[in-house]
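K.L.:
File input_34.cif follows (mmCIF, C-alpha atoms):
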```cif
data_input
loop_
_atom_site.label_atom_id
_atom_site.label_comp_id
_atom_site.auth_asym_id
_atom_site.auth_seq_id
_atom_site.Cartn_x
_atom_site.Cartn_y
_atom_site.Cartn_z
CA MET A 22 -237.07 -8.19 75.16
CA VAL A 23 -234.23 -9.45 77.33
CA VAL A 24 -231.35 -10.89 75.32
CA ASN A 25 -228.53 -12.60 77.17
CA ALA A 26 -225.51 -14.66 76.26
CA LYS A 27 -225.19 -18.04 77.98
CA ILE A 28 -222.07 -19.98 78.86
CA LYS A 29 -222.06 -23.74 78.25
CA ASP A 30 -222.35 -25.70 81.50
CA ALA A 31 -219.02 -27.43 80.75
CA ASN A 32 -217.26 -24.04 80.74
CA LYS A 33 -218.65 -22.57 83.94
CA LYS A 34 -215.43 -23.31 85.82
CA THR A 35 -213.25 -21.79 83.10
CA VAL A 36 -211.30 -18.71 84.15
CA VAL A 37 -211.05 -15.82 81.71
CA GLY A 38 -209.45 -12.66 83.05
CA PHE A 39 -211.44 -9.60 81.95
CA ALA A 40 -213.46 -6.68 83.33
CA ASN A 41 -211.27 -6.45 86.44
CA SER A 42 -211.97 -9.99 87.55
CA GLY A 43 -210.78 -13.54 87.19
CA LEU A 44 -213.74 -15.31 88.74
CA PRO A 45 -214.81 -18.50 86.95
CA LEU A 46 -217.39 -17.79 84.25
CA GLY A 47 -220.14 -19.52 86.24
CA GLU A 48 -219.71 -16.92 88.99
CA ARG A 49 -219.73 -13.87 86.72
CA SER A 50 -222.61 -11.42 86.48
CA GLN A 51 -224.83 -11.54 83.39
CA GLU A 52 -223.43 -8.12 82.47
CA ASP A 53 -219.89 -9.58 82.41
CA ILE A 54 -220.99 -12.59 80.34
CA ASN A 55 -222.65 -10.26 77.83
CA LYS A 56 -219.43 -8.19 77.67
CA LEU A 57 -217.44 -11.36 76.99
CA ALA A 58 -219.91 -12.33 74.28
CA ILE A 59 -219.31 -8.98 72.57
CA MET A 60 -215.52 -9.44 72.88
CA ALA A 61 -215.76 -12.97 71.47
CA GLN A 62 -217.65 -11.80 68.38
CA GLU A 63 -215.60 -8.65 67.79
CA SER A 64 -212.31 -10.56 68.11
CA LYS A 65 -213.61 -13.67 66.31
CA SER A 66 -211.52 -15.65 68.79
CA SER A 67 -212.42 -19.32 68.40
CA SER A 68 -211.38 -20.06 71.99
CA LEU A 69 -213.90 -17.51 73.32
CA LEU A 70 -216.67 -18.25 70.84
CA GLU A 71 -216.72 -21.92 71.79
CA LEU A 72 -217.45 -21.03 75.44
CA PHE A 73 -221.02 -19.99 74.63
CA GLU A 74 -224.20 -22.00 74.35
CA GLU A 75 -226.24 -18.94 73.34
CA LEU A 76 -224.65 -16.02 71.59
CA PRO A 77 -226.96 -13.11 70.66
CA SER A 78 -225.73 -10.61 68.06
CA ILE A 79 -223.41 -7.76 69.04
CA GLU A 80 -226.14 -5.27 68.09
CA ASP A 81 -228.71 -6.90 70.41
CA LEU A 82 -226.22 -7.11 73.29
CA LYS A 83 -225.15 -3.49 72.90
CA ALA A 84 -228.73 -2.27 72.57
CA GLN A 85 -229.62 -4.08 75.77
CA LYS A 86 -226.67 -2.52 77.59
CA THR A 87 -227.75 0.93 76.40
CA ASP A 88 -231.30 0.30 77.67
CA ALA A 89 -229.96 -0.83 81.05
CA ASP A 90 -227.66 2.19 81.28
CA LEU A 91 -230.52 4.54 80.41
CA LYS A 92 -232.67 3.03 83.17
CA GLU A 93 -229.83 3.60 85.66
CA ILE A 94 -229.40 7.20 84.49
CA LYS A 95 -233.15 7.77 84.78
CA LYS A 96 -233.09 6.53 88.38
CA LEU A 97 -230.30 8.98 89.20
CA VAL A 98 -231.95 11.90 87.47
CA GLU A 99 -235.55 11.45 88.68
CA PRO A 100 -236.28 13.31 91.91
CA LYS A 101 -236.97 11.02 94.86
CA SER A 102 -240.45 11.21 96.37
CA THR A 103 -240.58 13.01 99.70
CA LYS A 104 -243.44 11.40 101.56
CA MET B 9 -205.48 9.86 52.68
CA LEU B 10 -204.46 9.66 49.05
CA CYS B 11 -201.16 8.16 50.22
CA VAL B 12 -201.52 7.03 53.85
CA THR B 13 -204.27 6.78 56.46
CA LEU B 14 -203.47 9.03 59.40
CA SER B 15 -205.33 9.73 62.62
CA SER B 16 -205.19 12.36 65.31
CA TYR B 17 -203.63 11.77 68.71
CA SER B 18 -205.31 13.25 71.76
CA ARG B 19 -205.85 12.35 75.37
CA THR B 20 -207.99 13.65 78.20
CA CYS B 21 -206.21 16.57 79.80
CA GLY B 22 -204.59 15.54 83.08
CA GLY B 23 -201.37 14.56 84.80
CA VAL B 24 -199.72 11.21 84.37
CA SER B 25 -197.16 9.59 86.67
CA GLY B 26 -194.08 7.64 85.64
CA GLY B 27 -192.74 4.38 87.00
CA ILE B 28 -193.79 0.76 87.31
CA SER B 29 -196.07 -0.52 90.04
CA ASP B 30 -196.17 -4.27 89.27
CA ILE B 31 -194.42 -6.83 87.11
CA ALA B 32 -195.49 -10.39 86.33
CA GLN B 33 -193.86 -12.93 84.05
CA PHE B 34 -195.45 -15.81 82.16
CA ASP B 35 -194.65 -18.57 79.71
CA PRO B 36 -195.84 -17.19 76.36
CA ALA B 37 -197.08 -20.65 75.36
CA ASP B 38 -199.56 -20.70 78.28
CA PHE B 39 -201.82 -17.71 77.64
CA ASP B 40 -204.17 -16.48 74.92
CA PHE B 41 -205.04 -12.77 74.76
CA THR B 42 -208.21 -11.42 73.16
CA GLN B 43 -208.07 -8.44 70.83
CA ALA B 44 -210.74 -6.90 68.64
CA THR B 45 -210.36 -4.69 65.60
CA VAL B 46 -213.46 -2.54 65.19
CA SER B 47 -213.97 -0.36 62.09
CA GLY B 48 -210.33 -0.86 61.19
CA VAL B 49 -209.05 0.37 64.56
CA VAL B 50 -206.87 -2.08 66.47
CA GLY B 51 -208.05 -2.34 70.05
CA PRO B 52 -206.13 -3.28 73.18
CA TYR B 53 -206.09 -6.76 74.68
CA SER B 54 -209.33 -7.01 76.65
CA ALA B 55 -209.21 -10.55 78.07
CA VAL B 56 -206.74 -13.33 78.82
CA ALA B 57 -207.21 -17.05 79.40
CA ARG B 58 -205.08 -20.16 79.64
CA MET B 59 -204.44 -22.01 76.40
CA SER B 60 -206.08 -25.40 76.02
CA GLY B 61 -204.02 -27.92 77.96
CA ALA B 62 -202.34 -25.29 80.16
CA THR B 63 -203.28 -25.65 83.83
CA ALA B 64 -202.46 -23.76 87.01
CA ILE B 65 -201.33 -27.01 88.62
CA GLY B 66 -199.03 -27.55 85.65
CA GLY B 67 -197.47 -24.12 86.21
CA ALA B 68 -199.41 -22.00 83.70
CA LYS B 69 -199.56 -18.86 85.81
CA PHE B 70 -198.54 -15.25 85.92
CA PHE B 71 -195.58 -15.02 88.31
CA PRO B 72 -195.22 -11.74 90.21
CA VAL B 73 -191.73 -10.26 90.60
CA SER B 74 -191.01 -8.41 93.85
CA PHE B 75 -188.60 -5.70 92.81
CA GLN B 76 -187.17 -2.80 94.78
CA VAL B 77 -189.77 -0.03 94.87
CA ASP B 78 -189.09 2.81 92.42
CA GLU B 79 -186.38 0.73 90.73
CA ALA B 80 -188.20 -0.64 87.69
CA GLU B 81 -188.43 0.89 84.26
CA TRP B 82 -189.62 0.05 80.74
CA THR B 83 -187.99 1.87 77.86
CA TRP B 84 -188.50 1.60 74.11
CA LYS B 85 -186.57 2.97 71.17
CA GLN B 86 -187.90 3.08 67.63
CA SER B 87 -185.62 2.97 64.61
CA ARG B 88 -185.96 2.13 60.94
CA LYS B 89 -184.02 1.26 57.83
CA GLY B 90 -186.13 2.18 54.83
CA CYS B 91 -189.56 0.72 55.52
CA SER B 92 -188.25 -1.76 58.09
CA VAL B 93 -189.25 -0.66 61.55
CA LYS B 94 -187.83 -1.87 64.84
CA TYR B 95 -188.86 -1.20 68.42
CA GLU B 96 -186.26 -2.16 71.01
CA HIS B 97 -187.92 -2.79 74.36
CA GLU B 98 -186.00 -3.00 77.59
CA PHE B 99 -187.21 -3.76 81.11
CA LYS B 100 -184.91 -3.02 84.04
CA PHE B 101 -185.65 -3.76 87.65
CA GLN B 102 -183.63 -4.15 90.81
CA LEU B 103 -183.78 -7.30 92.95
CA PRO B 104 -182.13 -6.86 96.35
CA GLU B 105 -179.92 -9.50 97.99
CA ASN B 106 -177.72 -12.06 96.34
CA SER B 107 -179.10 -15.42 97.42
CA GLN B 108 -179.91 -18.89 96.18
CA THR B 109 -183.38 -17.58 95.38
CA LEU B 110 -181.92 -14.88 93.11
CA THR B 111 -179.57 -17.39 91.45
CA ASN B 112 -182.49 -19.74 90.75
CA PHE B 113 -184.55 -16.87 89.36
CA LEU B 114 -181.72 -15.84 87.02
CA GLN B 115 -181.23 -19.42 85.84
CA MET B 116 -184.94 -19.74 85.17
CA MET B 117 -184.85 -16.64 82.96
CA ASP B 118 -181.70 -17.90 81.17
CA ALA B 119 -183.45 -21.19 80.44
CA ALA B 120 -186.45 -19.33 79.01
CA ALA B 121 -184.12 -17.31 76.76
CA CYS B 122 -182.91 -20.52 75.11
CA CYS B 123 -186.32 -21.69 73.99
CA CYS B 124 -189.57 -19.79 74.34
CA GLY B 125 -188.63 -16.42 75.81
CA LEU B 126 -190.45 -14.65 78.62
CA GLY B 127 -193.85 -13.05 78.65
CA MET B 128 -194.11 -9.84 80.63
CA VAL B 129 -197.08 -7.95 82.04
CA ILE B 130 -196.35 -4.61 83.63
CA ARG B 131 -198.68 -2.24 85.42
CA LEU B 132 -197.44 1.32 85.35
CA ASN B 133 -197.98 3.75 88.21
CA SER B 134 -200.39 5.48 85.84
CA GLY B 135 -202.57 2.36 86.02
CA LYS B 136 -202.04 1.29 82.41
CA ILE B 137 -201.11 -2.36 81.87
CA PHE B 138 -198.90 -3.50 78.97
CA VAL B 139 -197.99 -6.91 77.58
CA ALA B 140 -194.70 -8.00 76.01
CA GLY B 141 -193.51 -11.32 74.64
CA GLU B 142 -196.98 -12.72 74.00
CA LYS B 143 -197.36 -15.65 71.64
CA TYR B 144 -201.10 -16.24 71.21
CA VAL B 145 -203.82 -13.71 70.36
CA ASN B 146 -207.40 -14.73 69.51
CA ALA B 147 -206.32 -18.38 69.73
CA SER B 148 -203.74 -17.96 66.96
CA SER B 149 -200.00 -17.48 67.20
CA VAL B 150 -198.59 -14.03 66.39
CA PRO B 151 -195.15 -13.28 64.90
CA ARG B 152 -192.44 -14.26 67.36
CA PHE B 153 -191.84 -11.67 70.09
CA THR B 154 -188.97 -12.87 72.25
CA ILE B 155 -188.04 -11.20 75.52
CA THR B 156 -184.82 -12.49 77.09
CA GLN B 157 -182.53 -11.68 79.96
CA ASP B 158 -179.54 -9.88 78.46
CA GLY B 159 -177.17 -7.56 80.28
CA SER B 160 -178.18 -8.04 83.90
CA GLU B 161 -175.50 -7.18 86.41
CA GLY B 162 -175.08 -7.11 90.14
CA GLY B 163 -172.74 -7.64 93.06
CA SER B 164 -172.19 -7.43 96.77
CA GLY B 165 -171.18 -3.79 97.10
CA LYS B 166 -168.22 -2.80 99.28
CA VAL B 167 -169.66 -1.12 102.35
CA PHE B 168 -172.79 -1.46 104.42
CA ASP B 169 -174.90 0.94 102.44
CA ASP B 170 -173.85 -0.26 98.97
CA PHE B 171 -176.36 -2.18 96.89
CA ASN B 172 -176.26 -5.97 97.31
CA GLY B 173 -178.26 -7.74 94.64
CA GLY B 174 -178.97 -7.69 90.91
CA ASN B 175 -180.00 -5.11 88.37
CA ILE B 176 -181.98 -7.20 85.91
CA ALA B 177 -182.17 -6.33 82.23
CA LEU B 178 -184.67 -7.98 79.87
CA LYS B 179 -184.66 -7.08 76.20
CA GLY B 180 -186.64 -7.79 73.08
CA ALA B 181 -187.06 -6.20 69.66
CA TYR B 182 -190.38 -6.19 67.82
CA SER B 183 -192.19 -4.51 64.98
CA ARG B 184 -194.31 -2.24 67.17
CA ASN B 185 -194.80 -0.72 70.59
CA LEU B 186 -196.53 -2.78 73.30
CA TYR B 187 -200.26 -3.41 73.30
CA GLU B 188 -202.27 -2.42 76.33
CA PHE B 189 -204.31 -4.88 78.41
CA THR B 190 -207.59 -3.35 79.59
CA GLY B 191 -208.91 -6.33 81.55
CA GLY B 192 -207.50 -4.93 84.81
CA TRP B 193 -204.83 -6.17 87.19
CA PRO B 194 -207.31 -8.31 89.20
CA ALA B 195 -207.74 -10.36 86.02
CA ILE B 196 -203.98 -10.98 85.98
CA GLU B 197 -203.88 -11.72 89.73
CA ALA B 198 -206.61 -14.31 89.34
CA LEU B 199 -204.31 -16.23 87.02
CA MET B 200 -201.29 -16.08 89.39
#
```
Let me see the structure of the file written as C-alpha coordinates.

P.N.:
Amino acid sequence: MVVNAKIKDANKKTVVGFANSGLPLGERSQEDINKLAIMAQESKSSSLLELFEELPSIEDLKAQKTDADLKEIKKLVEPKSTK
Amino acid sequence: MLCVTLSSYSRTCGGVSGGISDIAQFDPADFDFTQATVSGVVGPYSAVARMSGATAIGGAKFFPVSFQVDEAEWTWKQSRKGCSVKYEHEFKFQLPENSQTLTNFLQMMDAAACCCGLGMVIRLNSGKIFVAGEKYVNASSVPRFTITQDGSEGGSGKVFDDFNGGNIALKGAYSRNLYEFTGGWPAIEALM
(Lines of atoms letter the chains of each structure in order from A and count residues from 1; the text may use other names and numbers.)
(Lines give C-alpha, C1' and ligand atoms only; values in the text may rest on other atoms or scores of the structure.)
Protein backbone atom coordinates (compact mmCIF):
# COMPACT_ATOMS: atom_id res chain seq x y z
CA MET A 1 0.00 0.00 0.00
CA VAL A 2 1.33 3.42 -0.96
CA VAL A 3 1.55 5.80 1.98
CA ASN A 4 2.45 9.41 1.31
CA ALA A 5 2.55 12.62 3.28
CA LYS A 6 0.63 15.56 1.82
CA ILE A 7 1.31 19.27 2.17
CA LYS A 8 -1.65 21.60 2.78
CA ASP A 9 -2.52 23.60 -0.33
CA ALA A 10 -1.94 26.85 1.59
CA ASN A 11 1.69 25.82 2.23
CA LYS A 12 2.68 24.78 -1.28
CA LYS A 13 4.56 28.04 -1.84
CA THR A 14 6.41 27.78 1.48
CA VAL A 15 10.17 27.40 1.19
CA VAL A 16 11.92 24.97 3.52
CA GLY A 17 15.59 24.37 2.83
CA PHE A 18 16.40 20.65 3.10
CA ALA A 19 17.66 17.70 1.06
CA ASN A 20 19.93 19.94 -1.04
CA SER A 21 17.10 22.11 -2.30
CA GLY A 22 15.09 25.18 -1.49
CA LEU A 23 12.30 24.74 -4.01
CA PRO A 24 8.82 25.61 -2.70
CA LEU A 25 7.12 22.58 -1.15
CA GLY A 26 4.59 22.37 -3.99
CA GLU A 27 7.46 21.73 -6.41
CA ARG A 28 9.20 19.05 -4.34
CA SER A 29 9.19 15.36 -5.19
CA GLN A 30 7.00 13.03 -3.13
CA GLU A 31 10.21 11.48 -1.79
CA ASP A 32 11.29 14.89 -0.42
CA ILE A 33 7.87 15.54 1.12
CA ASN A 34 7.99 12.14 2.83
CA LYS A 35 11.50 12.96 4.14
CA LEU A 36 10.20 16.25 5.53
CA ALA A 37 7.30 14.42 7.15
CA ILE A 38 9.77 12.14 8.94
CA MET A 39 11.84 15.17 10.04
CA ALA A 40 8.72 16.93 11.30
CA GLN A 41 7.70 13.99 13.47
CA GLU A 42 11.18 13.16 14.74
CA SER A 43 11.86 16.80 15.67
CA LYS A 44 8.30 17.45 16.89
CA SER A 45 8.70 20.91 15.37
CA SER A 46 5.30 22.60 15.44
CA SER A 47 6.23 24.82 12.48
CA LEU A 48 6.90 21.76 10.30
CA LEU A 49 4.04 19.62 11.60
CA GLU A 50 1.49 22.29 10.73
CA LEU A 51 2.57 22.22 7.06
CA PHE A 52 0.95 18.81 6.49
CA GLU A 53 -2.58 17.86 5.60
CA GLU A 54 -1.80 14.13 5.76
CA LEU A 55 0.97 12.81 7.95
CA PRO A 56 1.50 9.02 7.95
CA SER A 57 3.51 7.49 10.79
CA ILE A 58 7.31 7.49 10.70
CA GLU A 59 7.27 3.68 10.56
CA ASP A 60 5.01 3.62 7.48
CA LEU A 61 7.07 6.30 5.72
CA LYS A 62 10.36 4.54 6.44
CA ALA A 63 8.98 1.15 5.42
CA GLN A 64 7.83 2.63 2.13
CA LYS A 65 11.25 4.15 1.51
CA THR A 66 12.89 0.79 2.19
CA ASP A 67 10.52 -0.91 -0.29
CA ALA A 68 11.30 1.72 -2.93
CA ASP A 69 15.05 1.38 -2.33
CA LEU A 70 14.83 -2.41 -2.59
CA LYS A 71 13.02 -2.12 -5.94
CA GLU A 72 15.80 0.17 -7.22
CA ILE A 73 18.49 -2.24 -6.00
CA LYS A 74 16.66 -5.14 -7.65
CA LYS A 75 16.62 -3.27 -10.96
CA LEU A 76 20.37 -2.73 -10.73
CA VAL A 77 21.14 -6.29 -9.75
CA GLU A 78 18.86 -8.15 -12.19
CA PRO A 79 20.56 -8.98 -15.48
CA LYS A 80 19.12 -7.12 -18.46
CA SER A 81 17.47 -9.24 -21.14
CA THR A 82 19.53 -9.60 -24.31
CA LYS A 83 16.99 -9.99 -27.07
CA MET B 1 27.73 3.70 32.35
CA LEU B 2 27.35 3.52 36.10
CA CYS B 3 28.55 7.13 36.23
CA VAL B 4 28.34 8.65 32.73
CA THR B 5 27.07 7.64 29.30
CA LEU B 6 29.95 7.53 26.84
CA SER B 7 30.08 6.67 23.15
CA SER B 8 32.78 5.78 20.68
CA TYR B 9 34.11 8.22 18.09
CA SER B 10 34.90 6.93 14.63
CA ARG B 11 34.75 8.16 11.07
CA THR B 12 35.07 6.60 7.65
CA CYS B 13 38.73 6.36 6.78
CA GLY B 14 39.74 9.09 4.34
CA GLY B 15 41.40 12.45 3.93
CA VAL B 16 39.81 15.70 4.97
CA SER B 17 40.72 19.19 3.78
CA GLY B 18 40.92 22.33 5.88
CA GLY B 19 39.63 25.81 5.14
CA ILE B 20 36.34 27.56 4.51
CA SER B 21 34.62 27.59 1.14
CA ASP B 22 31.57 29.78 1.85
CA ILE B 23 30.21 32.10 4.52
CA ALA B 24 26.70 33.49 4.88
CA GLN B 25 25.27 35.66 7.63
CA PHE B 26 21.68 35.94 8.84
CA ASP B 27 19.52 37.63 11.43
CA PRO B 28 19.03 34.95 14.10
CA ALA B 29 15.43 36.09 14.60
CA ASP B 30 14.55 35.23 10.98
CA PHE B 31 15.25 31.49 10.72
CA ASP B 32 14.07 28.29 12.37
CA PHE B 33 16.27 25.18 12.17
CA THR B 34 14.95 21.63 12.48
CA GLN B 35 16.71 19.10 14.67
CA ALA B 36 15.70 15.61 15.72
CA THR B 37 16.87 13.57 18.66
CA VAL B 38 16.47 9.87 17.89
CA SER B 39 17.05 7.20 20.56
CA GLY B 40 18.72 9.81 22.74
CA VAL B 41 21.23 10.83 20.07
CA VAL B 42 21.19 14.50 19.11
CA GLY B 43 21.12 14.86 15.35
CA PRO B 44 22.34 17.70 13.15
CA TYR B 45 20.11 20.45 11.80
CA SER B 46 18.39 18.91 8.79
CA ALA B 47 16.15 21.74 7.54
CA VAL B 48 15.77 25.51 7.77
CA ALA B 49 12.82 27.80 7.09
CA ARG B 50 11.86 31.41 7.68
CA MET B 51 10.11 32.17 10.94
CA SER B 52 6.47 33.17 10.73
CA GLY B 53 6.31 36.82 9.70
CA ALA B 54 9.84 36.86 8.25
CA THR B 55 9.86 37.47 4.49
CA ALA B 56 12.53 37.68 1.82
CA ILE B 57 11.18 41.07 0.77
CA GLY B 58 11.49 42.19 4.37
CA GLY B 59 15.16 41.16 4.40
CA ALA B 60 14.95 37.71 6.00
CA LYS B 61 17.71 36.12 3.96
CA PHE B 62 21.08 34.47 4.19
CA PHE B 63 23.65 37.04 3.05
CA PRO B 64 26.78 35.66 1.39
CA VAL B 65 30.13 37.21 2.30
CA SER B 66 32.74 37.40 -0.49
CA PHE B 67 36.01 36.99 1.35
CA GLN B 68 39.53 36.62 0.01
CA VAL B 69 40.02 33.00 -1.05
CA ASP B 70 41.99 30.91 1.45
CA GLU B 71 41.71 33.69 4.04
CA ALA B 72 38.84 32.48 6.21
CA GLU B 73 39.03 30.35 9.31
CA TRP B 74 36.83 29.09 12.15
CA THR B 75 38.53 28.21 15.41
CA TRP B 76 37.12 26.97 18.71
CA LYS B 77 38.64 26.59 22.14
CA GLN B 78 37.06 24.60 24.94
CA SER B 79 37.67 25.41 28.59
CA ARG B 80 35.97 24.70 31.90
CA LYS B 81 35.78 25.75 35.50
CA GLY B 82 34.46 22.84 37.51
CA CYS B 83 31.40 21.61 35.63
CA SER B 84 30.96 24.89 33.74
CA VAL B 85 31.98 24.43 30.14
CA LYS B 86 32.74 27.15 27.62
CA TYR B 87 33.44 26.99 23.89
CA GLU B 88 34.95 30.16 22.45
CA HIS B 89 34.24 30.36 18.74
CA GLU B 90 36.04 32.74 16.43
CA PHE B 91 35.56 33.39 12.73
CA LYS B 92 38.23 35.31 10.84
CA PHE B 93 38.06 36.31 7.21
CA GLN B 94 39.77 38.85 5.02
CA LEU B 95 37.83 41.44 3.00
CA PRO B 96 39.98 43.24 0.44
CA GLU B 97 39.76 46.99 -0.26
CA ASN B 98 38.81 49.75 2.11
CA SER B 99 35.69 51.32 0.63
CA GLN B 100 32.30 52.71 1.52
CA THR B 101 30.94 49.20 0.98
CA LEU B 102 33.33 47.80 3.60
CA THR B 103 32.51 50.62 6.04
CA ASN B 104 28.78 49.95 5.63
CA PHE B 105 29.32 46.23 6.15
CA LEU B 106 31.30 46.86 9.35
CA GLN B 107 28.63 49.24 10.66
CA MET B 108 25.94 46.68 9.93
CA MET B 109 27.80 44.08 11.99
CA ASP B 110 28.38 46.60 14.81
CA ALA B 111 24.66 47.36 14.88
CA ALA B 112 23.86 43.63 15.10
CA ALA B 113 26.28 43.29 18.02
CA CYS B 114 24.23 45.79 20.03
CA CYS B 115 20.98 43.88 19.84
CA CYS B 116 20.48 40.46 18.30
CA GLY B 117 23.93 39.29 17.25
CA LEU B 118 24.80 37.65 13.95
CA GLY B 119 23.90 34.24 12.66
CA MET B 120 26.61 32.48 10.69
CA VAL B 121 26.53 29.56 8.28
CA ILE B 122 29.87 28.30 7.03
CA ARG B 123 30.62 25.62 4.49
CA LEU B 124 34.04 24.11 4.98
CA ASN B 125 36.20 22.93 2.10
CA SER B 126 35.45 19.44 3.41
CA GLY B 127 31.80 20.04 2.47
CA LYS B 128 30.48 20.10 6.02
CA ILE B 129 28.19 23.01 6.90
CA PHE B 130 28.01 24.49 10.42
CA VAL B 131 25.69 27.00 12.08
CA ALA B 132 26.54 29.56 14.76
CA GLY B 133 24.47 32.20 16.50
CA GLU B 134 21.11 30.53 15.83
CA LYS B 135 18.13 31.55 17.91
CA TYR B 136 15.27 29.22 16.94
CA VAL B 137 15.28 25.42 16.72
CA ASN B 138 12.11 23.37 16.20
CA ALA B 139 10.09 26.59 16.43
CA SER B 140 11.34 27.33 19.95
CA SER B 141 14.07 29.68 21.09
CA VAL B 142 17.34 28.15 22.33
CA PRO B 143 19.67 29.62 24.97
CA ARG B 144 21.20 32.85 23.69
CA PHE B 145 24.16 32.32 21.35
CA THR B 146 25.54 35.71 20.40
CA ILE B 147 28.14 36.17 17.69
CA THR B 148 29.53 39.70 17.41
CA GLN B 149 32.24 41.56 15.59
CA ASP B 150 35.08 42.02 18.06
CA GLY B 151 38.72 42.65 17.21
CA SER B 152 38.59 43.28 13.48
CA GLU B 153 41.48 45.28 12.12
CA GLY B 154 42.68 46.57 8.80
CA GLY B 155 44.42 49.37 6.95
CA SER B 156 45.80 50.65 3.70
CA GLY B 157 49.23 49.04 3.73
CA LYS B 158 52.32 51.05 2.78
CA VAL B 159 53.41 49.80 -0.61
CA PHE B 160 51.72 48.43 -3.69
CA ASP B 161 51.74 44.81 -2.65
CA ASP B 162 50.67 45.37 0.98
CA PHE B 163 47.18 44.31 2.01
CA ASN B 164 44.50 47.00 1.69
CA GLY B 165 41.31 46.04 3.46
CA GLY B 166 40.02 44.47 6.66
CA ASN B 167 40.72 41.33 8.63
CA ILE B 168 37.35 40.65 10.21
CA ALA B 169 37.01 38.90 13.55
CA LEU B 170 33.67 37.60 14.85
CA LYS B 171 33.48 35.98 18.25
CA GLY B 172 30.98 34.20 20.43
CA ALA B 173 31.11 31.90 23.45
CA TYR B 174 28.63 29.07 23.94
CA SER B 175 28.10 25.90 25.91
CA ARG B 176 29.00 23.54 23.07
CA ASN B 177 30.65 23.15 19.70
CA LEU B 178 28.68 24.07 16.56
CA TYR B 179 25.90 21.90 15.20
CA GLU B 180 26.12 20.69 11.63
CA PHE B 181 23.50 21.49 8.97
CA THR B 182 22.90 18.52 6.66
CA GLY B 183 20.32 20.13 4.37
CA GLY B 184 23.01 21.10 1.85
CA TRP B 185 24.29 24.45 0.62
CA PRO B 186 21.63 24.70 -2.14
CA ALA B 187 19.07 24.87 0.68
CA ILE B 188 20.93 27.88 2.10
CA GLU B 189 21.33 29.49 -1.34
CA ALA B 190 17.60 29.20 -1.96
CA LEU B 191 17.03 31.42 1.06
CA MET B 192 19.58 34.08 -0.04

K.L.:
Using the chain letters and numbers from the file, give me the residues hit by the PyMOL selection byres ((chain A) within 12 of (chain B)), as a ChimeraX atom specification.

P.N.:
/A:35-46,53,56-72,79

K.L.:
Could you tell me, as a list in words, exactly which residues end up selected when the PyMOL selection byres ((chain A and resi 76) around 8) is applied to this structure?

P.N.:
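Listing what the PyMOL selection byres ((chain A and resi 76) around 8) selects in the shown file: Asn25, Ala26, Lys27, Ala58, Phe73, Glu74, Glu75, Pro77 and Ser78 of chain A.
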
K.L.:
Just how far from CA of Trp82 in chain B is CA of Glu188 in chain B, in Å to one decimal?

P.N.:
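Straight-line distance from CA of Glu188 in chain B to CA of Trp82 in chain B works out to 13.6 Å.
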
K.L.:
Any idea what's packed within 7 Å of range 89-101 of chain B, counting all atoms listed in the file, ignoring anything in its chain fewer than 4 positions away? Could you give it as a list in words?

P.N.:
Phe75, Glu79, Ala80, Glu81, Trp82, Thr83, Trp84, Lys85, Asn175, Ile176, Ala177, Leu178, Lys179, Gly180, Ala181, Tyr182, Ser183, Arg184 and Asn185 of chain B

K.L.:
Report the residues retrieved by the PyMOL selection byres ((chain A and resi 33) around 8) from the displayed file, expressed as a PyMOL selection string.

P.N.:
chain A and resi 28-32+34-35+45-48

K.L.:
Restricting the calculation to only C-alpha atoms: of B:Asn112, B:Val139, B:Asp118, B:Gln102, which residue gets closest to Asn172 in chain B?

P.N.:
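Result for the nearest residue to Asn172 in chain B: B:Gln102.
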
K.L.:
How far is it from CA of Asp30 in chain B to CA of Ile137 in chain B, in Å with one decimal?

P.N.:
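Taking CA of Asp30 in chain B as the start and CA of Ile137 in chain B as the end point, the length is 9.1 Å.
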
K.L.:
Provide the CA of Gly173 in chain B to CA of Asn106 in chain B distance in Å, to one decimal place.

P.N.:
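Value for the CA of Gly173 in chain B-CA of Asn106 in chain B distance: 4.7 Å.
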
K.L.:
Counting only C-alpha atoms, which residue out of B:Gly61, B:Pro52, B:Gly127, B:Gly66 sits closest to Ile31 in chain B?

P.N.:
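Selected residue with least distance to Ile31 in chain B: B:Gly127.
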
K.L.:
Measuring between only C-alpha atoms, which one of B:Pro36, B:Gly162, B:Gly67, B:Gly174 shows the shortest distance to Ala120 in chain B?

P.N.:
B:Pro36
